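Visitor: Below is the structure I would like to discuss, written out as structure tokens.
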Amino acid sequence: KQEVTQIPAALSVPEGENLVLNCSFTDSAIYNLQWFRQDPGKGLTSLLLIQSSQREQTSGRLNASLDKSSGRSTLYIAASQPGDSATYLCAVNTGNQFYFGTGTSLTVIP
Amino acid sequence: DTGVSQNPRHKITKRGQNVTFRCDPISEHNRLYWYRQTLGQGPEFLTYFQNEAQLEKSRLLSDRFSAERPKGSFSTLEIQRTEQGDSAMYLCASSFWGRDTEAFFGQGTRLTVV
């Protein structure tokens, strides 16, 4: 069974800092990996999708990398802003379902 | 198309009552997923449909839970004889299997069983 772990569980940074969120998974047989943002009490917003054949994907200040063989992905956020405060979830798609980590709760302090 | 739509957004029910939630996916998407999320946890898989066929169900989906997707369009998730442990956020997602398979989630239905 696929297991997804996210580290750290919580992170607090001052505005303007660059930061890295980590995601690891146990089975490298994946179709893709997706990063989501979740605000309190809300649904999930898709941030980036990386196909299993890709190494990296970028959108604005966000950059996600994937090393399938080692079972790792990172989400890099550049020049963090208070509006980035949310929980960030990674999800691994095995073809039949998405396996989620428990998320990293990010607080960006103005 | 405005994305995945879920109704109702909130539901409070008494223990033992039945509840039904609805999900309207993005129109061209052939896959529809149901997930459950409790506070501080990541979403947990319940079931998924490809078109109208229910292809997989989690063991979390007890016999009190049933899901349908008639005609491969909207889907309903029914919980019979609700229990306090059913209190959670129920999330629906859709994707197009065979293309990039990016999943899009709705805003969820928050269920509180009292």
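Identifiers in this document derive from the order of the structure tokens: chains are assigned A, B, ..., residues are numbered from 1 separately in each chain, and ligands are numbered from 1 in order of occurrence.
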Which residues come within 9 Å of Asp24 of chain B, counting only C-alpha atoms, excluding same-chain residues fewer than 2 positions away, as a VMD selection string?
Guide: chain B and resid 3 to 7 22 26 to 27 73 to 76 92 94 106
Visitor: Please, which residues of chain A lie no more than 12 Å from chain B when the count uses only C-alpha atoms, and can they be set out as a PyMOL selection string?
Guide: chain A and resi 3-6+9-10+31-53+87-105
Visitor: Just the residues within 12 Å of Gly60 of chain A, please, counting only C-alpha atoms, with nothing from its chain fewer than 6 positions along; format it as a PDB file with C-alpha atoms, in the first residue's frame.
Guide:
ATOM      1  CA  LEU A  47      -1.216  23.924  -7.714  1.00  0.00           C
ATOM      2  CA  LEU A  48       1.017  21.730  -9.847  1.00  0.00           C
ATOM      3  CA  TYR A  76       9.627  25.248  -3.595  1.00  0.00           C
ATOM      4  CA  ILE A  77       7.885  28.541  -2.864  1.00  0.00           C
ATOM      5  CA  ALA A  78       9.844  31.664  -3.718  1.00  0.00           C
ATOM      6  CA  ALA A  79       9.439  35.022  -1.994  1.00  0.00           C
ATOM      7  CA  SER A  80       6.662  33.838   0.331  1.00  0.00           C
TER       8      SER A  80
END
Visitor: Give me, as number ranges by chain, all polymer residues having an atom no more than 10 Å from Phe65 of chain B, counting only C-alpha atoms and skipping those fewer than 6 positions away in the same chain.
Guide: B: 18-20, 46, 77-82
Visitor: Per DSSP on the backbone, filter segment 26-66 of chain A down to the residues in strand (DSSP E) and report them as a VMD selection string.
Guide: chain A and resid 32 to 38 44 to 51 56 to 59 62 to 66
Visitor: Quick one, how far is atom CA of Leu111 of chain B from atom CA of Ala86 of chain A?
Guide: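 Atom-to-atom, atom CA of Leu111 of chain B to atom CA of Ala86 of chain A, that is 21.9 Å.
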Visitor: Counting only C-alpha atoms, which residue out of A:Gln2, A:Thr107, A:Asn22, A:Ser28 sits closest to Lys68 of chain A?
Guide: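 Closest to Lys68 of chain A of all the choices is A:Ser28.
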Visitor: For the atom pair atom CA of Leu75 of chain A and atom CA of Leu62 of chain A, what is the interatomic distance in Å to one decimal place?
Guide: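 These two atoms are separated by 6.9 Å.
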Visitor: Between atom CA of Leu11 of chain A and atom CA of Arg61 of chain A, what distance in Å does the model show, to one decimal?
Guide: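 So the two atoms, atom CA of Leu11 of chain A and atom CA of Arg61 of chain A, lie 17.8 Å apart.
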